[in-house]
Structure formats: C-alpha cells, structure tokens
$ cat upload_20.cif   # mmCIF, C-alpha atoms
data_run
#
loop_
_atom_site.label_atom_id
_atom_site.label_comp_id
_atom_site.auth_asym_id
_atom_site.auth_seq_id
_atom_site.Cartn_x
_atom_site.Cartn_y
_atom_site.Cartn_z
CA MET H 129 -110.10 7.43 44.71
CA VAL H 130 -107.10 9.00 46.41
CA LEU H 131 -105.17 5.75 45.94
CA PHE H 132 -106.00 5.71 42.23
CA ILE H 133 -104.75 9.28 41.77
CA TYR H 134 -101.59 8.43 43.69
CA LEU H 135 -100.89 5.42 41.44
CA PHE H 136 -101.59 7.49 38.34
CA PHE H 137 -99.05 10.17 39.27
CA TYR H 138 -96.53 7.50 40.33
CA CYS H 139 -96.71 5.77 36.95
CA LEU H 140 -96.54 9.09 35.13
CA THR H 141 -93.44 10.06 37.10
CA LEU H 142 -91.83 6.71 36.40
CA ILE H 143 -92.49 7.08 32.66
CA LEU H 144 -91.01 10.56 32.63
CA VAL H 145 -87.88 9.41 34.50
CA CYS H 146 -87.35 6.50 32.11
CA THR H 147 -87.84 8.76 29.09
CA PHE H 148 -85.37 11.29 30.47
CA MET H 149 -82.78 8.57 31.12
CA TYR H 150 -83.19 7.17 27.61
CA ILE H 151 -82.72 10.65 26.08
CA PHE H 152 -79.66 11.23 28.28
CA VAL H 153 -78.03 7.96 27.26
CA CYS H 154 -78.71 8.55 23.55
CA THR H 155 -77.36 12.09 23.58
CA THR H 156 -74.21 11.30 25.57
CA TRP H 157 -73.17 7.81 24.56
CA GLY H 158 -74.86 7.72 21.18
CA GLU H 159 -77.55 5.35 19.98
CA SER H 160 -78.08 1.97 21.54
CA PRO H 161 -75.83 -0.93 20.43
CA ALA H 162 -78.75 -2.38 18.49
CA ALA H 163 -79.25 0.89 16.66
CA ASP H 164 -75.51 1.09 15.98
CA ARG H 165 -75.50 -2.39 14.53
CA ASP H 166 -78.48 -1.57 12.33
CA PHE H 167 -76.72 1.56 11.12
CA LEU H 168 -73.45 -0.23 10.44
CA LYS H 169 -75.14 -3.04 8.58
CA GLY H 170 -77.23 -0.63 6.59
CA VAL H 171 -74.28 1.35 5.17
CA SER H 172 -72.90 -0.02 1.91
CA GLY H 173 -70.12 0.98 -0.44
CA VAL H 174 -67.69 1.83 2.35
CA ASP H 175 -64.00 1.55 1.46
CA ILE H 176 -62.00 -0.90 3.55
CA ASP H 177 -58.44 -0.11 4.55
CA ARG H 178 -56.39 -3.31 4.92
CA VAL H 179 -53.70 -3.37 7.57
CA SER H 180 -51.26 -6.27 7.94
CA VAL H 181 -49.14 -6.49 11.09
CA MET H 182 -47.09 -9.06 12.96
CA GLU H 183 -48.06 -10.37 16.36
CA GLY H 184 -46.56 -8.17 19.06
CA ASP H 185 -46.63 -4.98 16.97
CA SER H 186 -48.64 -1.89 17.84
CA VAL H 187 -51.00 -0.31 15.31
CA THR H 188 -52.84 3.01 15.24
CA LEU H 189 -55.98 3.41 13.13
CA HIS H 190 -56.39 7.06 12.09
CA THR H 191 -59.71 8.86 11.88
CA GLY H 192 -58.39 11.62 9.62
CA VAL H 193 -60.34 14.28 11.54
CA LYS H 194 -59.97 16.52 14.53
CA THR H 195 -62.78 16.39 17.06
CA ASN H 196 -64.92 19.38 17.93
CA GLN H 197 -67.69 20.02 20.43
CA GLN H 198 -70.40 18.39 18.33
CA GLU H 199 -68.71 15.22 17.08
CA LYS H 200 -68.99 11.77 18.58
CA ILE H 201 -66.45 9.14 17.57
CA ARG H 202 -67.12 5.47 18.23
CA TRP H 203 -65.03 2.39 17.49
CA TYR H 204 -66.44 -1.12 17.07
CA PHE H 205 -64.85 -4.55 16.84
CA SER H 206 -67.13 -7.38 15.72
CA ASP H 207 -70.10 -5.01 16.26
CA THR H 208 -69.08 -4.45 19.89
CA ARG H 209 -68.24 -0.92 20.96
CA ILE H 210 -64.68 -0.81 22.26
CA ALA H 211 -63.92 2.94 22.39
CA GLN H 212 -65.69 6.29 22.28
CA VAL H 213 -64.88 9.96 22.59
CA THR H 214 -66.97 13.11 22.32
CA GLY H 215 -65.83 16.52 21.23
CA ASP H 216 -66.16 18.04 24.68
CA LEU H 217 -64.24 15.09 26.21
CA ARG H 218 -67.03 14.48 28.73
CA ASN H 219 -67.58 10.88 27.72
CA ILE H 220 -64.52 8.77 26.97
CA CYS H 221 -64.34 5.03 27.29
CA THR H 222 -62.23 2.13 26.09
CA ASP H 223 -62.70 -1.62 26.26
CA VAL H 224 -64.46 -2.71 29.45
CA GLN H 225 -65.51 0.86 30.27
CA CYS H 226 -67.67 0.90 27.15
CA ASN H 227 -69.19 -2.54 27.68
CA GLU H 228 -69.06 -4.32 30.99
CA GLY H 229 -67.75 -7.84 30.72
CA THR H 230 -65.81 -7.12 27.52
CA GLU H 231 -62.15 -7.67 28.33
CA ARG H 232 -60.73 -8.78 25.01
CA PHE H 233 -58.07 -6.05 24.91
CA ARG H 234 -57.42 -5.77 28.66
CA GLY H 235 -55.89 -2.32 28.81
CA ARG H 236 -54.18 -2.52 25.41
CA LEU H 237 -56.28 0.26 23.81
CA LYS H 238 -55.37 3.94 23.67
CA LEU H 239 -57.58 6.71 22.32
CA ASP H 240 -56.27 10.02 21.00
CA HIS H 241 -58.48 12.70 22.55
CA GLN H 242 -57.70 15.20 19.79
CA THR H 243 -58.36 13.04 16.74
CA GLY H 244 -60.15 9.98 18.11
CA SER H 245 -57.54 7.68 16.53
CA LEU H 246 -57.38 4.23 18.11
CA SER H 247 -54.14 2.47 19.08
CA ILE H 248 -53.93 -1.26 19.78
CA MET H 249 -50.84 -2.16 21.76
CA ASN H 250 -49.09 -5.55 21.68
CA ILE H 251 -51.54 -6.86 19.10
CA ARG H 252 -52.45 -10.56 19.05
CA ASN H 253 -53.75 -12.87 16.35
CA THR H 254 -57.11 -12.95 18.14
CA ASP H 255 -57.36 -9.21 17.39
CA SER H 256 -57.69 -9.88 13.65
CA GLY H 257 -60.96 -8.71 12.14
CA LEU H 258 -62.96 -5.65 11.10
CA TYR H 259 -62.67 -2.42 13.06
CA LYS H 260 -65.46 0.05 12.32
CA LEU H 261 -65.25 3.76 12.93
CA LEU H 262 -68.44 5.83 13.23
CA ILE H 263 -68.18 9.62 13.30
CA SER H 264 -71.44 11.44 14.03
CA ASN H 265 -72.46 15.07 14.31
CA SER H 266 -75.58 17.10 13.73
CA ASN H 267 -75.04 17.28 9.96
CA PHE H 268 -73.74 13.89 8.81
CA ASP H 269 -72.54 10.43 9.78
CA THR H 270 -69.29 9.00 8.46
CA GLU H 271 -68.12 5.41 8.58
CA LYS H 272 -64.69 3.87 7.98
CA ILE H 273 -63.72 0.22 8.10
CA PHE H 274 -60.27 -1.22 8.78
CA SER H 275 -59.50 -4.86 8.08
CA VAL H 276 -56.68 -5.83 10.43
CA ILE H 277 -54.76 -9.04 9.77
CA VAL H 278 -52.35 -10.21 12.45
CA ASP H 279 -49.74 -12.70 11.26
CA ASP H 280 -48.22 -15.22 13.65
CA VAL H 281 -44.55 -15.15 14.62
CA PRO H 282 -42.39 -18.13 15.68
CA ALA H 283 -42.76 -19.16 19.30
CA ALA H 284 -39.15 -18.16 19.96
CA GLY H 285 -39.89 -14.63 18.79
CA GLY H 286 -42.14 -13.78 21.71
CA HIS H 287 -45.30 -11.68 21.65
CA GLU H 288 -44.40 -8.37 23.23
CA MET H 289 -41.34 -7.66 21.10
CA LYS H 290 -38.94 -9.35 18.75
CA ARG H 291 -35.79 -10.42 20.57
CA LYS H 292 -32.48 -10.75 18.74
CA THR H 293 -29.18 -12.07 20.07
CA VAL H 294 -25.93 -11.69 18.14
CA LYS H 295 -22.21 -11.99 18.85
CA GLU H 296 -19.82 -9.08 18.76
CA GLY H 297 -18.31 -8.48 15.34
CA GLU H 298 -21.19 -10.07 13.40
CA TYR H 299 -23.96 -8.29 11.49
CA LEU H 300 -27.69 -8.15 12.25
CA THR H 301 -30.66 -7.35 10.00
CA LEU H 302 -33.91 -6.05 11.52
CA HIS H 303 -36.68 -6.85 9.06
CA SER H 304 -39.67 -4.59 8.49
CA ASP H 305 -41.77 -7.57 7.28
CA GLY H 306 -43.11 -6.20 4.04
CA VAL H 307 -42.45 -4.32 0.84
CA LYS H 308 -42.25 -0.56 1.20
CA LYS H 309 -45.20 1.35 -0.24
CA PRO H 310 -44.47 4.58 -2.14
CA ASN H 311 -46.21 6.90 0.33
CA ASP H 312 -45.18 5.14 3.52
CA LEU H 313 -42.74 6.79 5.89
CA LYS H 314 -40.49 4.40 7.81
CA ILE H 315 -38.43 5.72 10.69
CA TRP H 316 -35.89 3.79 12.77
CA TYR H 317 -35.05 4.80 16.34
CA PHE H 318 -32.43 3.52 18.76
CA LYS H 319 -33.00 4.61 22.36
CA ASP H 320 -35.05 7.61 21.13
CA ILE H 321 -32.28 8.59 18.68
CA LEU H 322 -33.35 8.93 15.05
CA ILE H 323 -30.94 6.72 13.10
CA ALA H 324 -32.62 6.19 9.70
CA GLU H 325 -35.70 7.06 7.69
CA ILE H 326 -37.00 6.27 4.24
CA THR H 327 -39.90 7.63 2.22
CA GLY H 328 -40.46 7.16 -1.48
CA ASP H 329 -37.06 7.11 -3.17
CA GLN H 330 -35.41 9.21 -0.48
CA SER H 331 -33.52 7.74 2.46
CA LYS H 332 -31.44 9.22 5.25
CA ILE H 333 -29.04 7.48 7.63
CA CYS H 334 -27.48 9.03 10.73
CA THR H 335 -28.41 12.64 10.16
CA VAL H 336 -27.77 13.53 13.83
CA ASP H 337 -24.39 13.65 15.55
CA GLN H 338 -25.34 11.09 18.21
CA CYS H 339 -26.00 8.50 15.53
CA LYS H 340 -22.80 9.30 13.63
CA GLU H 341 -20.68 8.97 16.76
CA ARG H 342 -22.24 5.66 17.76
CA PHE H 343 -22.53 3.74 14.48
CA ARG H 344 -19.89 5.36 12.21
CA ASP H 345 -21.09 4.18 8.78
CA ARG H 346 -22.09 0.74 10.06
CA LEU H 347 -25.78 1.06 9.09
CA LYS H 348 -27.35 -0.05 5.82
CA LEU H 349 -30.96 0.50 4.73
CA ASP H 350 -32.82 -1.73 2.27
CA HIS H 351 -34.58 0.62 -0.16
CA GLN H 352 -37.10 -2.05 -1.18
CA THR H 353 -38.33 -3.10 2.26
CA GLY H 354 -36.95 -0.54 4.71
CA SER H 355 -35.11 -3.24 6.69
CA LEU H 356 -32.09 -2.08 8.71
CA THR H 357 -28.73 -3.87 8.85
CA ILE H 358 -26.08 -3.18 11.51
CA MET H 359 -22.55 -4.14 10.43
CA ASN H 360 -19.68 -5.17 12.73
CA ILE H 361 -21.96 -4.92 15.75
CA THR H 362 -20.55 -4.05 19.18
CA ASN H 363 -21.85 -4.53 22.72
CA THR H 364 -22.73 -0.81 22.89
CA ASP H 365 -25.33 -1.47 20.18
CA SER H 366 -27.48 -3.49 22.61
CA GLY H 367 -30.90 -1.98 23.34
CA LEU H 368 -34.31 -1.25 21.87
CA TYR H 369 -34.72 -0.51 18.17
CA ILE H 370 -38.11 0.89 17.13
CA LEU H 371 -39.50 1.00 13.61
CA GLN H 372 -42.40 3.36 12.99
CA ILE H 373 -44.36 2.97 9.75
CA ASN H 374 -46.68 5.88 8.98
CA SER H 375 -49.33 6.16 6.29
CA SER H 376 -52.36 8.41 5.88
CA ARG H 377 -54.76 5.80 7.30
CA PHE H 378 -52.75 3.91 9.91
CA SER H 379 -49.43 3.64 11.74
CA ILE H 380 -47.49 0.56 12.84
CA ILE H 381 -44.82 0.35 15.53
CA LYS H 382 -42.39 -2.57 15.69
CA THR H 383 -40.03 -3.07 18.60
CA PHE H 384 -36.79 -5.08 18.54
CA SER H 385 -34.78 -5.95 21.64
CA VAL H 386 -31.16 -6.53 20.57
CA THR H 387 -28.61 -8.20 22.83
CA VAL H 388 -24.96 -8.28 21.77
CA THR H 389 -22.85 -10.91 23.54
CA ALA H 390 -19.13 -10.32 23.94
CA VAL H 391 -16.58 -12.84 22.69
CA THR H 392 -15.15 -14.46 25.86
CA ASP H 393 -11.43 -15.09 26.56
CA SER H 394 -12.00 -18.83 26.47
CA ALA H 395 -13.53 -18.54 23.02
CA VAL H 396 -10.57 -16.47 21.84
CA ALA H 397 -8.12 -18.98 23.36
CA ALA H 398 -9.96 -21.85 21.70
CA ALA H 399 -9.82 -20.06 18.38
CA VAL H 400 -6.07 -19.41 18.79
CA VAL H 401 -5.41 -23.05 19.73
CA ALA H 402 -7.45 -24.23 16.74
CA ALA H 403 -5.45 -21.93 14.47
CA VAL H 404 -2.12 -23.16 15.88
CA VAL H 405 -3.13 -26.80 15.52
CA ALA H 406 -4.24 -26.18 11.96
CA ALA H 407 -0.91 -24.48 11.16
CA VAL H 408 1.07 -27.37 12.68
CA LEU H 409 -0.91 -29.91 10.71
CA LEU H 410 -0.32 -27.98 7.52
CA ILE H 411 3.43 -27.76 8.17
CA ALA H 412 3.59 -31.49 9.00
CA ALA H 413 1.69 -32.37 5.85
CA ALA H 414 4.03 -30.18 3.79
CA GLY H 415 7.07 -31.87 5.41
CA VAL H 416 5.75 -35.35 4.64
CA ILE H 417 5.07 -34.43 1.03
CA TYR H 418 8.57 -32.91 0.69
CA CYS H 419 10.31 -35.96 2.18
CA HIS H 420 8.36 -38.32 -0.02
CA HIS H 421 9.24 -36.28 -3.08
CA ARG H 422 12.92 -36.11 -2.11
CA ARG H 423 13.14 -39.89 -1.56
CA SER H 424 11.49 -40.46 -4.88
CA VAL H 425 14.01 -38.21 -6.64
CA GLN H 426 16.97 -39.83 -4.86
CA GLY H 427 15.71 -43.29 -5.75
CA LYS H 428 15.52 -42.37 -9.40
CA GLN H 429 19.02 -40.87 -9.27
CA ASN H 430 20.49 -44.02 -7.63
CA GLU H 431 18.81 -46.24 -10.17
CA LYS H 432 20.27 -44.18 -13.00
CA ARG H 433 23.77 -44.33 -11.50
CA THR H 434 23.55 -48.12 -11.22
CA GLN H 435 22.53 -48.39 -14.83
CA ASP H 436 25.44 -46.14 -15.88
CA ASN H 437 27.98 -48.23 -13.92
CA ASP H 438 26.69 -51.43 -15.46
CA GLU H 439 27.01 -49.95 -18.92
CA GLU H 440 30.60 -48.81 -18.22
CA LYS H 441 31.66 -52.27 -16.97
CA GLY H 442 30.10 -53.96 -19.94
CA GLY H 443 32.02 -51.61 -22.28
CA GLU H 444 35.49 -52.69 -20.86
CA ARG H 445 34.93 -56.46 -21.37
CA GLN H 446 33.45 -56.25 -24.82
CA PRO H 447 36.66 -55.30 -26.80
CA PHE H 448 38.62 -58.35 -25.46
CA ILE H 449 35.87 -60.76 -26.37
CA ARG H 450 35.48 -59.21 -29.76
CA ALA H 451 39.26 -59.36 -30.40
CA ASP H 452 39.26 -63.08 -29.78
CA LYS H 453 36.28 -63.58 -31.96
CA GLU H 454 37.77 -61.49 -34.74
CA LYS H 455 41.02 -63.64 -35.05
CA SER H 456 41.26 -65.65 -38.29
CA PRO H 457 42.05 -69.42 -38.39
CA GLU H 458 45.58 -68.61 -39.67
CA GLY H 459 46.23 -66.39 -36.73
CA ILE H 460 45.08 -69.10 -34.40
CA ASN H 461 47.40 -71.69 -36.06
CA ASN H 462 50.35 -69.31 -35.83
CA THR H 463 49.66 -68.80 -32.20
CA LEU H 464 49.61 -72.58 -31.62
CA LYS H 465 52.84 -73.04 -33.54
CA ASP H 466 54.54 -70.33 -31.52
CA SER H 467 53.39 -72.01 -28.37
CA ALA H 468 54.65 -75.46 -29.54
CA GLY H 469 58.04 -74.04 -30.61
CA GLY H 470 58.50 -72.38 -27.29
CA ALA H 471 57.81 -75.65 -25.51
CA ALA H 472 60.36 -77.61 -27.65
CA MET H 473 63.08 -75.08 -26.93
CA MET H 474 62.42 -75.38 -23.26
CA GLN H 475 62.87 -79.19 -23.50
CA VAL H 476 66.24 -78.90 -25.40
CA THR H 477 67.59 -76.47 -22.89
CA THR H 478 66.71 -78.79 -20.14
CA HIS H 479 68.61 -81.69 -21.65
#
$ encode --input "upload_20.cif" --output "structure tokens"
Amino acid sequence: MVLFIYLFFYCLTLILVCTFMYIFVCTTWGESPAADRDFLKGVSGVDIDRVSVMEGDSVTLHTGVKTNQQEKIRWYFSDTRIAQVTGDLRNICTDVQCNEGTERFRGRLKLDHQTGSLSIMNIRNTDSGLYKLLISNSNFDTEKIFSVIVDDVPAAGGHEMKRKTVKEGEYLTLHSDGVKKPNDLKIWYFKDILIAEITGDQSKICTVDQCKERFRDRLKLDHQTGSLTIMNITNTDSGLYILQINSSRFSIIKTFSVTVTAVTDSAVAAAVVAAVVAAVLLIAAAGVIYCHHRRSVQGKQNEKRTQDNDEEKGGERQPFIRADKEKSPEGINNTLKDSAGGAAMMQVTTH
C-alpha cells in the first residue's frame, strides 16, 4: 500500500513538472514549431514583399514595428525558425541557437533588438526563398512574408564583395544592378564618407568638403539606376565603396573593393617609344610619297622638253625641203643651163 501511494505521488509530480516545462517553453519561446507551421499555413491573403539581390550583398528585412514588453517576434525560413526576440530581450536567438543542428547561415544573421528586423550578411544563392515574420502579442498576431531572390554573379566577381581593378587615368562605373524605384533611397559611401545620394528625382553629389577635396567634380550619378561613375580615377581612389539601398520594407547593402593600379615607368617608356616609331614611320611614308611625286613631275617635264626640241629641229629642215619642191621645171632648167655654162667657161680658160 505504501509503495502504491509512493508511485502515485511520483507520477503526479512528474506530470506537474512536465506541464510546467511545457507552459514555460510556450510562454518564452512561443508555440511549438508544429504549431507555428500550422499557424503559418493557415494564414491566407498575406502580401509578399519581393526582394532581389546579388550574391555577396547584405539585406535587411524590416518588421516596421518597435518591440515592447509583450511582443514576440519570430523569423522563419522554409518553416524553420532562424531568429527570435522578445520585448523584454530575455529570449534572443539566431540560427543554430534557435534550432540545434541548423547551420545554414553560420553566423551571417543579425537581429535588431529594437525593431526585430533581420539582416542576412554575405547572402548566397542557397538563401533564396520565403522568409516569414510572425509578430505576436496578447491582442493580435501579424504575419509578413518576404520572397528573397539571390542572383548569381560571375565566378571572377567573388562572393563577399565585388572587386574592381582599373588603371590610373581611366574611368570606372559601379553598377547598382537594377532600375531605381521612385521611393528608394540610394546612398554611396567611400571610406565612411557620404559621396552621393539619390531619391526620387533629387540627387546630390559631394555635399561634404571631404568629398569635394578628394574627387573634384569627377563623380557622375545615373539618375535611372543610381550607378556611380568615377572619372579620371587616381590611386588615392582605391578602397571600399558601399551602396546602401533603403525602402520601407527592406534595405540592401552592396560593397565594392576598388583597386587602382599606377601606370609604371616601363609602360610610359613603351608608349613613348611606340609614339616615336609611329612618327618616324609617318615621316618616312611622307618622304617616299613626296619623292615619287617629284620624280613623276620631273619625268613629265623632261618628256615635254624632248618633244619641244624635236619640233624645233623639224621646223628648221622643213623650209629647205619645201623650197626645192616648190621650184618650177623652168627654174630647174635654168639652173642646169647655168651649171653647164659655167663648166664650158672653165674648159676654155684652161685651154
């Protein structure tokens, strides 16, 4: 009998302990994952915010609220809880802390303790999918869904940041990868210096003295996309350029590592030699063309002189021949008679 009573109280105590632990877990960490999944699947008509980013970017999904003592904020990815925060900040977890064995993000999640907004750092294409936000308090439950699409980048671009290499004196364009939306705010930073911003139809470039001194009207901003172009780049422009895109529902951070290589002396010497060789070749070609033209002109002049001399010589012989041809038969007979008479006289004188 005593043993039976002992077992009865032992079982009763065990039941009470289990009940207390279940109530504690539900009140601190929220409902069980199964209950969360049932709730999430049961809600319909929820608007979906679509976010498109490039691999290696960082994105922040905003809750749009500020936590208080009664609210519990939970984030889910593929129906797996990945982050949670309560109003009194007693229970905060991210990634593996929320679910043992879940290491998809591996320390790449950050949770804003004031708003519950979730940041995903160095995002990967495997992070694409639906992110569900559940906000609970004693009066209501609110759900938001974000559809995150991560686009691939070329292998040479790297995952952690976009790396750009350019030579001194050239220009470089840092692309924002998308068309600017009317309500988006895009801000460009260089080493924590605000260098440009654009929102709606308004844009500002180098509003601070540090920017003006460094770039000196060498920045251009694309009003359609928000892309930034650096003209006549110098080696002092090397460093990290950060683009922050803010909207009411989410924020995106893009990082560019820019390296400016100086033009070496050997490259300058090679360019000078190439220019000199090109100039010599041009001069030689011009000389050949001139000599050829001069010889051609002289040849034509010599040919003309020869023709003129021939014509002059022909003109001196022609009158004599024509005079002979123009003599009449009587003139020829008289000439013969004169010749015969002269010969007879010479014979008489001789005798």
$ resolve_selection --input "upload_20.cif" --expression "the PyMOL selection byres ((chain H and resi 179-182) around 12)" --output "PyMOL selection string"
chain H and resi 176-178+183-190+248-259+273-282+285-290+303-307+373-383
$ closest_residue --input "upload_20.cif" --among "H:Glu298, H:Asp320, H:Asp207, H:Glu199" --to "Asn267 in chain H" --atoms "all atoms listed in the file"
H:Glu199
$ atom_distance --input "upload_20.cif" --atom1 "CA of Gln338 in chain H" --atom2 "CA of Asp312 in chain H"
25.4 Å
$ closest_residue --input "upload_20.cif" --among "H:Ala211, H:Leu349, H:Leu410, H:Leu356" --to "Leu302 in chain H" --atoms "all atoms listed in the file"
H:Leu356
$ closest_residue --input "upload_20.cif" --among "H:Leu368, H:Ile210, H:Gln429, H:Glu296" --to "Thr392 in chain H" --atoms "only C-alpha atoms"
H:Glu296
$ residues_around --input "upload_20.cif" --residues "Ile358 in chain H" --least-positions-apart "4" --cutoff "12 Å" --atoms "all atoms listed in the file" --output "MDAnalysis selection string"
chainID H and resid 294 296:303 318 323:324 333 342:350 362 365:366 369 386 388
$ closest_residue --input "upload_20.cif" --among "H:Ile315, H:Leu237, H:Val405, H:Ile370" --to "Gln212 in chain H" --atoms "all atoms listed in the file"
H:Leu237
$ atom_distance --input "upload_20.cif" --atom1 "CA of Lys292 in chain H" --atom2 "CA of Ser385 in chain H"
6.1 Å
$ atom_distance --input "upload_20.cif" --atom1 "CA of Cys419 in chain H" --atom2 "CA of Val401 in chain H"
26.9 Å
$ closest_residue --input "upload_20.cif" --among "H:Arg291, H:Asn437, H:Ser331, H:Glu325" --to "Thr387 in chain H" --atoms "all atoms listed in the file"
H:Arg291
$ resolve_selection --input "upload_20.cif" --expression "the PyMOL selection byres ((chain H and resi 265) around 8)" --output "ChimeraX atom specification"
/H:198-200,263-264,266-269
$ closest_residue --input "upload_20.cif" --among "H:Gln435, H:Thr214, H:Asn227, H:Gln426" --to "Gln242 in chain H" --atoms "all atoms listed in the file"
H:Thr214
